[in-house]
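This is my_file03.cif (mmCIF, C-alpha atoms).
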data_protein
#
loop_
_atom_site.label_atom_id
_atom_site.label_comp_id
_atom_site.auth_asym_id
_atom_site.auth_seq_id
_atom_site.Cartn_x
_atom_site.Cartn_y
_atom_site.Cartn_z
CA MET N 1 122.55 217.25 -105.56
CA ILE N 2 118.81 217.80 -105.60
CA GLU N 3 116.97 220.75 -107.02
CA VAL N 4 114.23 222.16 -104.78
CA ASP N 5 111.72 224.86 -105.45
CA GLU N 6 111.68 227.27 -102.49
CA ASP N 7 107.89 227.43 -102.57
CA LYS N 8 107.81 223.69 -102.05
CA LEU N 9 109.37 223.87 -98.61
CA ILE N 10 106.95 223.40 -95.71
CA ARG N 11 107.31 223.34 -91.96
CA CYS N 12 106.38 220.27 -89.94
CA PRO N 13 103.59 221.34 -87.55
CA VAL N 14 104.95 219.04 -84.84
CA CYS N 15 108.71 219.50 -84.77
CA ALA N 16 109.13 222.58 -87.03
CA ALA N 17 111.64 220.86 -89.33
CA VAL N 18 111.76 222.07 -92.93
CA ASN N 19 110.40 219.47 -95.34
CA ILE N 20 109.90 219.17 -99.07
CA ASP N 21 106.24 219.21 -100.05
CA ARG N 22 105.59 216.05 -102.06
CA GLY N 23 101.87 216.53 -102.47
CA LYS N 24 100.08 213.57 -100.95
CA ALA N 25 101.14 211.61 -97.87
CA ASN N 26 103.85 213.91 -96.58
CA SER N 27 105.53 212.69 -93.47
CA CYS N 28 108.20 214.59 -91.60
CA ARG N 29 111.75 213.35 -92.22
CA ARG N 30 112.74 214.21 -88.61
CA CYS N 31 109.84 213.18 -86.38
CA GLY N 32 107.83 210.97 -88.73
CA SER N 33 104.49 212.67 -88.08
CA GLY N 34 102.15 213.18 -90.99
CA ILE N 35 102.09 216.71 -92.37
CA TYR N 36 98.51 217.59 -93.31
CA GLN N 37 97.88 214.31 -95.08
CA HIS N 38 94.16 215.00 -95.47
CA ARG N 39 94.71 216.98 -98.66
CA ARG N 40 91.30 216.18 -100.09
CA PHE N 41 89.61 217.49 -96.95
CA SER N 42 92.01 220.33 -96.34
CA THR N 43 89.70 222.69 -94.52
CA GLU N 44 86.76 220.49 -93.54
CA LYS N 45 88.26 219.24 -90.29
CA SER N 46 88.93 222.76 -89.12
CA TRP N 47 85.43 223.87 -90.20
CA ALA N 48 83.84 221.02 -88.22
CA TYR N 49 85.65 222.00 -85.01
CA LEU N 50 84.93 225.68 -85.60
CA ILE N 51 81.20 225.16 -86.12
CA THR N 52 81.02 223.00 -82.99
CA ALA N 53 82.75 225.78 -81.06
CA MET N 54 80.34 228.40 -82.39
CA ILE N 55 77.32 226.28 -81.48
CA ALA N 56 78.69 225.80 -77.96
CA TYR N 57 79.26 229.54 -77.67
CA ILE N 58 75.50 230.26 -77.91
CA PRO N 59 74.42 228.52 -74.66
CA ALA N 60 77.60 229.88 -73.08
CA ASN N 61 76.13 233.35 -73.43
CA LEU N 62 72.49 232.55 -72.68
CA TYR N 63 72.80 230.44 -69.54
CA PRO N 64 74.19 231.70 -66.23
CA MET N 65 77.94 231.38 -65.76
CA LEU N 66 77.81 231.83 -62.00
CA VAL N 67 74.97 230.93 -59.65
CA SER N 68 75.14 232.52 -56.22
CA THR N 69 72.89 231.58 -53.35
CA GLN N 70 72.60 234.21 -50.62
CA PHE N 71 70.43 233.41 -47.61
CA GLY N 72 68.20 231.17 -49.70
CA ALA N 73 67.83 233.53 -52.67
CA THR N 74 69.34 232.12 -55.85
CA GLU N 75 70.70 234.44 -58.47
CA GLY N 76 72.44 233.62 -61.74
CA SER N 77 74.54 235.91 -63.87
CA THR N 78 75.50 235.44 -67.50
CA ILE N 79 78.88 236.45 -68.93
CA LEU N 80 77.62 239.76 -70.26
CA GLY N 81 75.54 240.36 -67.13
CA GLY N 82 78.62 239.81 -64.98
CA VAL N 83 80.61 242.31 -67.05
CA VAL N 84 77.84 244.92 -66.77
CA LEU N 85 77.56 244.33 -63.03
CA LEU N 86 81.31 244.73 -62.52
CA TRP N 87 81.27 247.92 -64.61
CA GLU N 88 78.44 249.37 -62.53
CA HIS N 89 80.29 248.52 -59.33
CA GLY N 90 83.23 250.51 -60.61
CA SER N 91 85.76 247.70 -61.08
CA TYR N 92 86.57 248.82 -64.61
CA PRO N 93 89.86 246.90 -65.11
CA ILE N 94 88.30 243.57 -64.13
CA ALA N 95 85.21 244.26 -66.24
CA LEU N 96 87.53 244.97 -69.17
CA ILE N 97 89.63 241.81 -68.62
CA ILE N 98 86.53 239.61 -68.48
CA PHE N 99 85.01 241.38 -71.50
CA VAL N 100 88.17 240.98 -73.57
CA ALA N 101 88.80 237.38 -72.47
CA SER N 102 85.32 235.93 -72.74
CA ILE N 103 83.62 238.00 -75.42
CA MET N 104 86.16 239.74 -77.62
CA ILE N 105 88.80 236.98 -77.94
CA PRO N 106 86.37 234.16 -78.86
CA VAL N 107 84.50 236.32 -81.37
CA VAL N 108 87.70 237.69 -82.93
CA LYS N 109 89.04 234.15 -83.12
CA PHE N 110 85.90 232.88 -84.83
CA LEU N 111 86.05 235.72 -87.36
CA ILE N 112 89.77 235.27 -88.11
CA LEU N 113 89.38 231.50 -88.56
CA ILE N 114 86.31 231.92 -90.79
CA TYR N 115 88.19 234.49 -92.87
CA LEU N 116 91.26 232.25 -93.17
CA LEU N 117 89.24 229.15 -94.01
CA ILE N 118 87.26 230.94 -96.72
CA SER N 119 90.14 232.91 -98.18
CA VAL N 120 92.48 229.94 -98.66
CA LYS N 121 89.84 228.24 -100.80
CA TYR N 122 88.23 231.21 -102.48
CA PRO N 123 90.67 234.14 -102.63
CA ILE N 124 88.75 237.33 -102.00
CA GLY N 125 89.92 240.14 -104.28
CA LYS N 126 92.72 242.25 -102.92
CA ASP N 127 93.49 240.46 -99.69
CA LYS N 128 97.06 239.73 -100.72
CA LYS N 129 98.33 242.48 -98.46
CA VAL N 130 96.98 240.79 -95.35
CA ASN N 131 99.65 238.67 -93.73
CA LYS N 132 97.63 235.54 -93.06
CA HIS N 133 100.47 233.74 -91.32
CA LYS N 134 100.58 236.57 -88.79
CA LEU N 135 96.80 236.36 -88.33
CA TYR N 136 97.03 232.63 -87.75
CA TYR N 137 99.88 233.11 -85.27
CA LEU N 138 97.76 235.71 -83.47
CA THR N 139 94.85 233.26 -83.01
CA GLU N 140 97.24 230.72 -81.54
CA ILE N 141 98.62 233.25 -79.05
CA ILE N 142 95.37 234.85 -77.87
CA GLY N 143 93.22 231.71 -77.98
CA PRO N 144 93.95 230.14 -74.58
CA TRP N 145 93.39 233.42 -72.73
CA SER N 146 89.62 233.06 -73.03
CA MET N 147 89.85 230.31 -70.41
CA ILE N 148 90.23 233.06 -67.75
CA ASP N 149 86.51 233.22 -67.05
CA VAL N 150 86.17 229.46 -66.56
CA PHE N 151 89.10 229.43 -64.13
CA VAL N 152 87.68 232.43 -62.22
CA VAL N 153 84.36 230.63 -61.81
CA ALA N 154 86.14 227.47 -60.68
CA ILE N 155 88.15 229.42 -58.08
CA LEU N 156 85.13 231.35 -56.76
CA ALA N 157 83.02 228.19 -56.58
CA ALA N 158 85.73 226.40 -54.61
CA LEU N 159 86.36 229.37 -52.34
CA ILE N 160 82.84 230.47 -51.39
CA HIS N 161 81.28 227.52 -49.62
CA LEU N 162 79.51 228.90 -46.57
CA ALA N 163 76.34 227.97 -44.78
CA ASN N 164 74.48 231.03 -46.01
CA ILE N 165 76.39 232.12 -49.07
CA GLU N 166 77.39 229.73 -51.80
CA ILE N 167 78.67 230.14 -55.35
CA VAL N 168 78.32 227.34 -57.88
CA ALA N 169 79.34 227.23 -61.52
CA GLY N 170 76.47 227.52 -64.00
CA THR N 171 75.57 225.63 -67.17
CA ALA N 172 77.40 228.22 -69.26
CA ALA N 173 80.73 227.20 -67.71
CA THR N 174 80.55 223.78 -69.40
CA ALA N 175 79.42 225.27 -72.71
CA PHE N 176 82.10 227.95 -72.59
CA ALA N 177 84.90 225.54 -71.69
CA LEU N 178 83.84 223.27 -74.57
CA SER N 179 83.68 226.23 -76.93
CA VAL N 180 87.24 227.29 -76.07
CA PHE N 181 88.42 223.68 -76.35
CA PHE N 182 86.97 223.29 -79.84
CA THR N 183 88.28 226.67 -81.07
CA LEU N 184 91.77 225.58 -80.01
CA LEU N 185 91.28 222.29 -81.89
CA ALA N 186 90.04 224.18 -84.95
CA ALA N 187 93.10 226.40 -84.90
CA HIS N 188 95.43 223.39 -84.59
CA ALA N 189 93.68 221.58 -87.43
CA PHE N 190 94.11 224.51 -89.80
CA ASP N 191 96.54 223.69 -92.60
CA GLU N 192 99.06 226.52 -92.66
CA THR N 193 100.56 225.37 -95.94
CA LEU N 194 97.36 226.40 -97.72
CA ILE N 195 98.34 230.03 -97.27
CA LYS N 196 100.35 230.83 -100.37
CA GLU N 197 100.70 234.61 -100.48
CA ASN N 198 103.66 235.36 -98.31
CA LYS N 199 106.05 232.72 -99.52
CA MET L 1 117.57 226.30 -104.87
CA LYS L 2 120.14 223.49 -104.81
CA LEU L 3 120.72 221.17 -101.90
CA GLU L 4 123.27 218.44 -101.40
CA ASN L 5 120.84 216.00 -99.83
CA GLU L 6 117.72 216.06 -97.71
CA ASP L 7 119.77 216.40 -94.54
CA ALA L 8 120.87 219.85 -95.70
CA LEU L 9 117.29 221.01 -95.07
CA ASP L 10 118.27 221.17 -91.41
CA ASN L 11 120.25 224.31 -92.22
CA LEU L 12 117.03 226.03 -93.17
CA ILE L 13 114.40 227.38 -90.84
CA ILE L 14 110.90 228.73 -91.45
CA CYS L 15 109.76 231.59 -89.21
CA HIS L 16 107.07 230.60 -86.70
CA GLN L 17 105.16 233.82 -87.15
CA CYS L 18 105.30 234.73 -90.83
CA TYR L 19 106.49 231.55 -92.58
CA THR L 20 109.51 233.21 -94.22
CA LEU L 21 112.33 230.87 -95.20
CA HIS L 22 115.71 231.56 -93.61
CA GLU L 23 119.12 229.97 -93.64
CA GLU L 24 120.46 229.05 -90.23
CA ILE L 25 123.86 230.55 -89.43
CA PRO L 26 126.07 229.94 -86.37
CA ILE L 27 125.56 232.64 -83.75
CA LYS L 28 127.33 233.61 -80.55
CA ASP L 29 126.59 231.76 -77.31
CA GLY L 30 123.63 233.31 -75.51
CA SER L 31 122.45 235.36 -78.49
CA LYS L 32 119.39 234.97 -80.66
CA ALA L 33 118.55 235.13 -84.35
CA CYS L 34 115.52 237.15 -85.45
CA CYS L 35 113.39 237.01 -88.57
CA SER L 36 114.32 239.69 -91.11
CA VAL L 37 110.68 240.22 -92.11
CA CYS L 38 108.66 240.23 -88.90
CA GLY L 39 111.32 240.36 -86.17
CA GLY L 40 110.11 237.19 -84.47
CA ILE L 41 112.74 235.04 -82.79
CA LEU L 42 113.93 232.20 -85.01
CA TYR L 43 116.29 230.40 -82.67
CA ARG L 44 118.73 230.96 -79.84
CA TYR L 45 122.04 229.37 -79.16
CA ASP L 46 122.76 228.16 -75.66
CA ASN L 47 126.04 226.35 -75.16
CA ARG L 48 124.86 224.64 -71.98
CA LEU L 49 121.25 224.01 -72.96
CA ILE L 50 121.19 220.53 -71.39
CA ASP L 51 122.41 221.76 -67.98
CA HIS L 52 120.06 224.74 -68.00
CA GLY L 53 117.14 222.58 -69.08
CA LEU L 54 117.87 219.95 -66.44
CA ALA L 55 118.26 222.51 -63.65
CA LEU L 56 115.08 224.34 -64.61
CA SER L 57 112.96 221.19 -64.91
CA ILE L 58 114.03 220.04 -61.44
CA THR L 59 113.36 223.49 -59.96
CA GLY L 60 110.03 223.63 -61.79
CA LEU L 61 108.95 220.24 -60.42
CA ILE L 62 109.85 221.27 -56.85
CA PHE L 63 107.82 224.47 -57.15
CA PHE L 64 104.97 222.56 -58.79
CA ILE L 65 104.77 220.24 -55.77
CA LEU L 66 104.89 223.24 -53.40
CA ALA L 67 102.16 224.95 -55.41
CA ASN L 68 99.89 221.94 -55.05
CA VAL L 69 100.20 220.99 -51.39
CA PHE L 70 99.85 224.36 -49.64
CA PRO L 71 96.86 226.72 -49.64
CA LEU L 72 96.70 229.03 -52.63
CA VAL L 73 94.65 231.78 -51.04
CA GLN L 74 92.82 232.08 -47.76
CA ILE L 75 89.86 234.37 -47.14
CA ASP L 76 88.05 235.48 -44.00
CA ILE L 77 84.41 235.96 -44.86
CA LEU L 78 81.62 236.52 -42.33
CA GLY L 79 83.83 235.23 -39.55
CA SER L 80 84.70 231.92 -41.17
CA GLU L 81 87.96 231.00 -42.84
CA GLN L 82 88.11 229.37 -46.24
CA TYR L 83 91.11 228.31 -48.26
CA ILE L 84 91.73 226.61 -51.59
CA THR L 85 94.49 224.53 -53.09
CA ILE L 86 94.82 223.66 -56.78
CA PRO L 87 93.55 220.05 -56.35
CA LYS L 88 90.68 221.32 -54.16
CA THR L 89 89.59 223.72 -56.91
CA ILE L 90 89.39 220.86 -59.38
CA PHE L 91 87.68 218.46 -56.96
CA SER L 92 85.03 220.99 -56.01
CA LEU L 93 84.03 221.21 -59.67
CA PHE L 94 83.57 217.43 -59.71
CA GLU L 95 81.60 217.54 -56.47
CA SER L 96 79.13 220.03 -57.86
CA GLY L 97 78.61 217.85 -60.93
CA PHE L 98 80.68 219.76 -63.50
CA TYR L 99 82.59 216.78 -64.83
CA VAL L 100 83.47 218.25 -68.23
CA VAL L 101 84.82 221.53 -66.84
CA GLY L 102 86.53 219.57 -64.06
CA MET L 103 88.26 217.30 -66.55
CA ILE L 104 89.33 220.21 -68.78
CA CYS L 105 90.68 222.16 -65.79
CA ALA L 106 92.44 219.08 -64.39
CA PHE L 107 94.26 218.57 -67.69
CA LEU L 108 95.06 222.24 -68.34
CA ILE L 109 96.36 223.24 -64.93
CA PHE L 110 97.52 219.98 -63.37
CA ILE L 111 98.18 217.00 -65.64
CA PHE L 112 99.74 218.75 -68.65
CA PRO L 113 102.07 221.07 -66.68
CA LEU L 114 103.22 218.10 -64.58
CA MET L 115 103.73 215.99 -67.71
CA ILE L 116 105.70 218.74 -69.46
CA PHE L 117 108.14 219.10 -66.59
CA ALA L 118 108.47 215.35 -66.04
CA ILE L 119 109.11 214.84 -69.77
CA ASN L 120 111.65 217.67 -69.81
CA LEU L 121 113.44 216.11 -66.85
CA ILE L 122 113.66 212.67 -68.53
CA LEU L 123 114.52 214.22 -71.90
CA PHE L 124 117.41 216.34 -70.69
CA THR L 125 118.71 213.49 -68.49
CA LEU L 126 118.78 211.17 -71.50
CA LEU L 127 120.48 213.85 -73.62
CA LYS L 128 123.00 214.49 -70.86
CA PHE L 129 124.05 210.83 -70.76
CA GLU L 130 123.64 210.55 -74.55
CA ARG L 131 121.37 207.55 -74.35
CA GLY L 132 117.99 206.42 -75.69
CA ASP L 133 117.81 208.10 -79.10
CA LEU L 134 114.42 206.60 -79.87
CA TRP L 135 113.12 207.65 -76.48
CA THR L 136 114.17 211.26 -76.90
CA LYS L 137 112.45 211.35 -80.29
CA ASP L 138 109.15 210.07 -78.87
CA LEU L 139 109.39 212.41 -75.89
CA LEU L 140 110.01 215.41 -78.12
CA ILE L 141 107.00 214.56 -80.29
CA LEU L 142 104.80 214.10 -77.21
CA LEU L 143 106.10 217.35 -75.77
CA SER L 144 105.23 219.37 -78.85
CA HIS L 145 101.70 217.96 -78.77
CA ILE L 146 100.98 218.94 -75.17
CA THR L 147 102.81 222.26 -74.76
CA PRO L 148 100.00 224.34 -76.32
CA TRP L 149 97.65 222.91 -73.71
CA SER L 150 99.42 223.98 -70.53
CA MET L 151 97.72 227.02 -69.03
CA THR L 152 99.20 227.67 -65.60
CA ASP L 153 100.03 231.26 -66.58
CA ILE L 154 96.39 231.92 -67.40
CA PHE L 155 95.33 230.27 -64.14
CA LEU L 156 97.63 232.62 -62.19
CA ILE L 157 95.99 235.68 -63.77
CA SER L 158 92.57 234.11 -63.08
CA ILE L 159 93.39 233.88 -59.36
CA LEU L 160 94.13 237.61 -59.32
CA VAL L 161 90.89 238.39 -61.19
CA ALA L 162 88.86 236.24 -58.79
CA LEU L 163 90.46 237.91 -55.78
CA VAL L 164 89.80 241.42 -57.08
CA LYS L 165 86.15 240.42 -57.39
CA LEU L 166 86.16 239.49 -53.71
CA ILE L 167 87.76 242.71 -52.43
CA GLY L 168 85.30 244.42 -50.14
CA TYR L 169 83.49 241.22 -49.22
CA ALA L 170 86.30 239.34 -47.58
CA GLN L 171 89.75 239.63 -46.08
CA ILE L 172 92.29 238.00 -48.37
CA HIS L 173 95.56 236.31 -47.43
CA MET L 174 97.90 235.00 -50.10
CA GLY L 175 99.10 231.47 -49.33
CA ILE L 176 102.54 229.94 -49.87
CA SER L 177 101.29 228.14 -52.96
CA PHE L 178 100.44 231.39 -54.70
CA TRP L 179 104.08 232.48 -54.63
CA ALA L 180 105.25 228.98 -55.52
CA LEU L 181 102.86 229.03 -58.49
CA ALA L 182 104.16 232.45 -59.54
CA VAL L 183 107.74 231.11 -59.59
CA PHE L 184 106.56 227.97 -61.40
CA VAL L 185 104.89 230.11 -64.07
CA LEU L 186 108.11 232.09 -64.59
CA ILE L 187 110.09 228.87 -65.08
CA ASP L 188 107.31 227.52 -67.30
CA LEU L 189 107.47 230.66 -69.46
CA TYR L 190 111.23 230.21 -69.80
CA ILE L 191 111.32 226.51 -70.55
CA VAL L 192 108.09 226.13 -72.55
CA LYS L 193 107.45 229.42 -74.30
CA ARG L 194 110.99 230.74 -74.75
CA LEU L 195 112.81 227.55 -75.65
CA HIS L 196 111.94 226.40 -79.16
CA LEU L 197 111.76 222.65 -79.42
CA SER L 198 113.64 222.75 -82.73
CA GLU L 199 116.72 223.80 -80.75
CA VAL L 200 116.44 220.58 -78.75
CA TRP L 201 115.99 218.61 -81.97
CA MET L 202 119.21 220.17 -83.34
CA LEU L 203 121.00 219.39 -80.09
CA ARG L 204 119.87 215.77 -80.35
CA LYS L 205 121.15 215.61 -83.93
CA ARG L 206 124.56 217.01 -82.91
CA ILE L 207 124.86 214.45 -80.10
CA ILE L 208 124.03 211.55 -82.42
CA GLN L 209 126.43 212.81 -85.12
CA ASN L 210 129.23 213.25 -82.59
CA ARG L 211 128.78 209.73 -81.32
CA GLU L 212 128.78 208.29 -84.83
CA ARG L 213 131.99 210.17 -85.62
CA ASN L 214 133.62 208.87 -82.44
CA ASP L 215 132.55 205.32 -83.20
CA ARG L 216 134.06 205.53 -86.65
CA GLY L 217 137.31 207.23 -85.75
#
Here is a file; write its structure as structure tokens.
Amino acid sequence: MIEVDEDKLIRCPVCAAVNIDRGKANSCRRCGSGIYQHRRFSTEKSWAYLITAMIAYIPANLYPMLVSTQFGATEGSTILGGVVLLWEHGSYPIALIIFVASIMIPVVKFLILIYLLISVKYPIGKDKKVNKHKLYYLTEIIGPWSMIDVFVVAILAALIHLANIEIVAGTAATAFALSVFFTLLAAHAFDETLIKENK
Amino acid sequence: MKLENEDALDNLIICHQCYTLHEEIPIKDGSKACCSVCGGILYRYDNRLIDHGLALSITGLIFFILANVFPLVQIDILGSEQYITIPKTIFSLFESGFYVVGMICAFLIFIFPLMIFAINLILFTLLKFERGDLWTKDLLILLSHITPWSMTDIFLISILVALVKLIGYAQIHMGISFWALAVFVLIDLYIVKRLHLSEVWMLRKRIIQNRERNDRG
């Protein structure tokens, strides 16, 4: 018989098996993967990825996402410009989808991750009522959907290849794809066991 | 809380969404257990998980091949016809010099989905014939690392968004691959998003325990 404190039970991030938290150098008893072994640098890894993602998000908004050449005239449109253009043309649902996927989701994800990373180290007053596990789960679910815009650009660029009209991806596509990639990494690197409130 | 040994931890489960600790209880075939706090699904019980998994991975692979060889969409614009396939979309990014986006797209919509279904096929075959315990372990670990990175469902929505943008400029015809991709996404949702990998881990444990019991007795 062994006596276990219920608060000491953690979930393996790889195989979801329940494990006993032994402090340093935890490795999963089922799959053998390390469970957040970087205890001394618990949030730094996630911060590093997150900051990279935020830096990449700046050129993603400043440079053109889509460059269209019509009869020799080249025209580039940024993410926000594309949304405004679609709205003016009257395609409200598409404008909304692009706005939510490429502006709202990344920003909301940045904010949630910043909040989580700060609050697990420095608890901010009365935030015990916020279910941080739910917030974290939310970032994991909505995160990949910001790739929509990159895929749309890729499809349009592959589809419109005519003599007179051509669409090419812009610099922002690379920056945006990298930004999404690094936010996903930041979310994966976040140590869920640091959240103590709802146990 | 008292436990007999560390193996008894397998009877416990922590909710994916809200991290609440639960005790696993046997449930009816085809039913599911939900979290008492947030209502998220903890686990399901499927009596014939191996057969279902095997059948779905084979079907998924067939539809994946169909989705990649035929045209996805075809448009008539200014009198000329253009069509795309999934590989063509990726290659055209490389051709125009977008290597990073091309690589990311290639992994997210081609390599990872293919790997997931191939791994599932091998995994369920090995479980079916109750062989290769070490292999199934490695495959399950690999699978849980790559499943968050498969984005065919998002790609399918992106196709629709791109096409709506083109309405008015061009005549659009949906290709065979589009429907194949739609079916593939449905199977992908079932096998990747609905099936929790911990259920497969438990299945693997039951198979190994059964074999050990048979060897002894």
I need the residue set behind the PyMOL selection byres ((chain N) within 7 of (chain L)) for this file; please write it as JSON, numbers by chain. {"N": [1, 2, 3, 4, 5, 6, 11, 14, 15, 16, 17, 18, 31, 94, 133, 134, 137, 145, 148, 151, 152, 154, 155, 156, 158, 159, 174, 177, 199]}
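Nearest residue to Lys128 of chain L, choosing from L:Ile62, L:Cys35, L:Ile208, L:Ile27 and counting all atoms listed in the file: L:Ile208.
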I'd like the interatomic distance between atom CA of Ala67 of chain L and atom CA of Ala180 of chain L, to a tenth of an Å. 5.1 Å
Could you tell me, as a VMD selection string, exactly which residues end up selected when the PyMOL selection byres ((chain L and resi 70) around 8) is applied to this structure? chain L and resid 66 to 69 71 to 72 85 175 to 177
Need the shell around Gly30 of chain L: protein/DNA/RNA residues with any atom at most 9 Å away, counting all atoms listed in the file. Skip same-chain ones fewer than 4 positions apart. Format as a PyMOL selection string? chain L and resi 44-47
Under the PyMOL selection byres ((chain N and resi 188-193) around 7), which residues of this model are included? Write them out as a ChimeraX atom specification. /N:10,36,42-43,45-46,184-187,194-195
Counting only C-alpha atoms, the option among N:Tyr122, N:Phe182, N:Tyr49, N:Phe176 closest to Val153 of chain N: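 With only C-alpha atoms as the atom set, the closest residue is N:Phe176.
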Nearby residues (only C-alpha atoms) at most 6 Å from segment 77-86 of chain N, same-chain spacing under 6 positions excluded, as a ChimeraX atom specification: /N:64-66,95
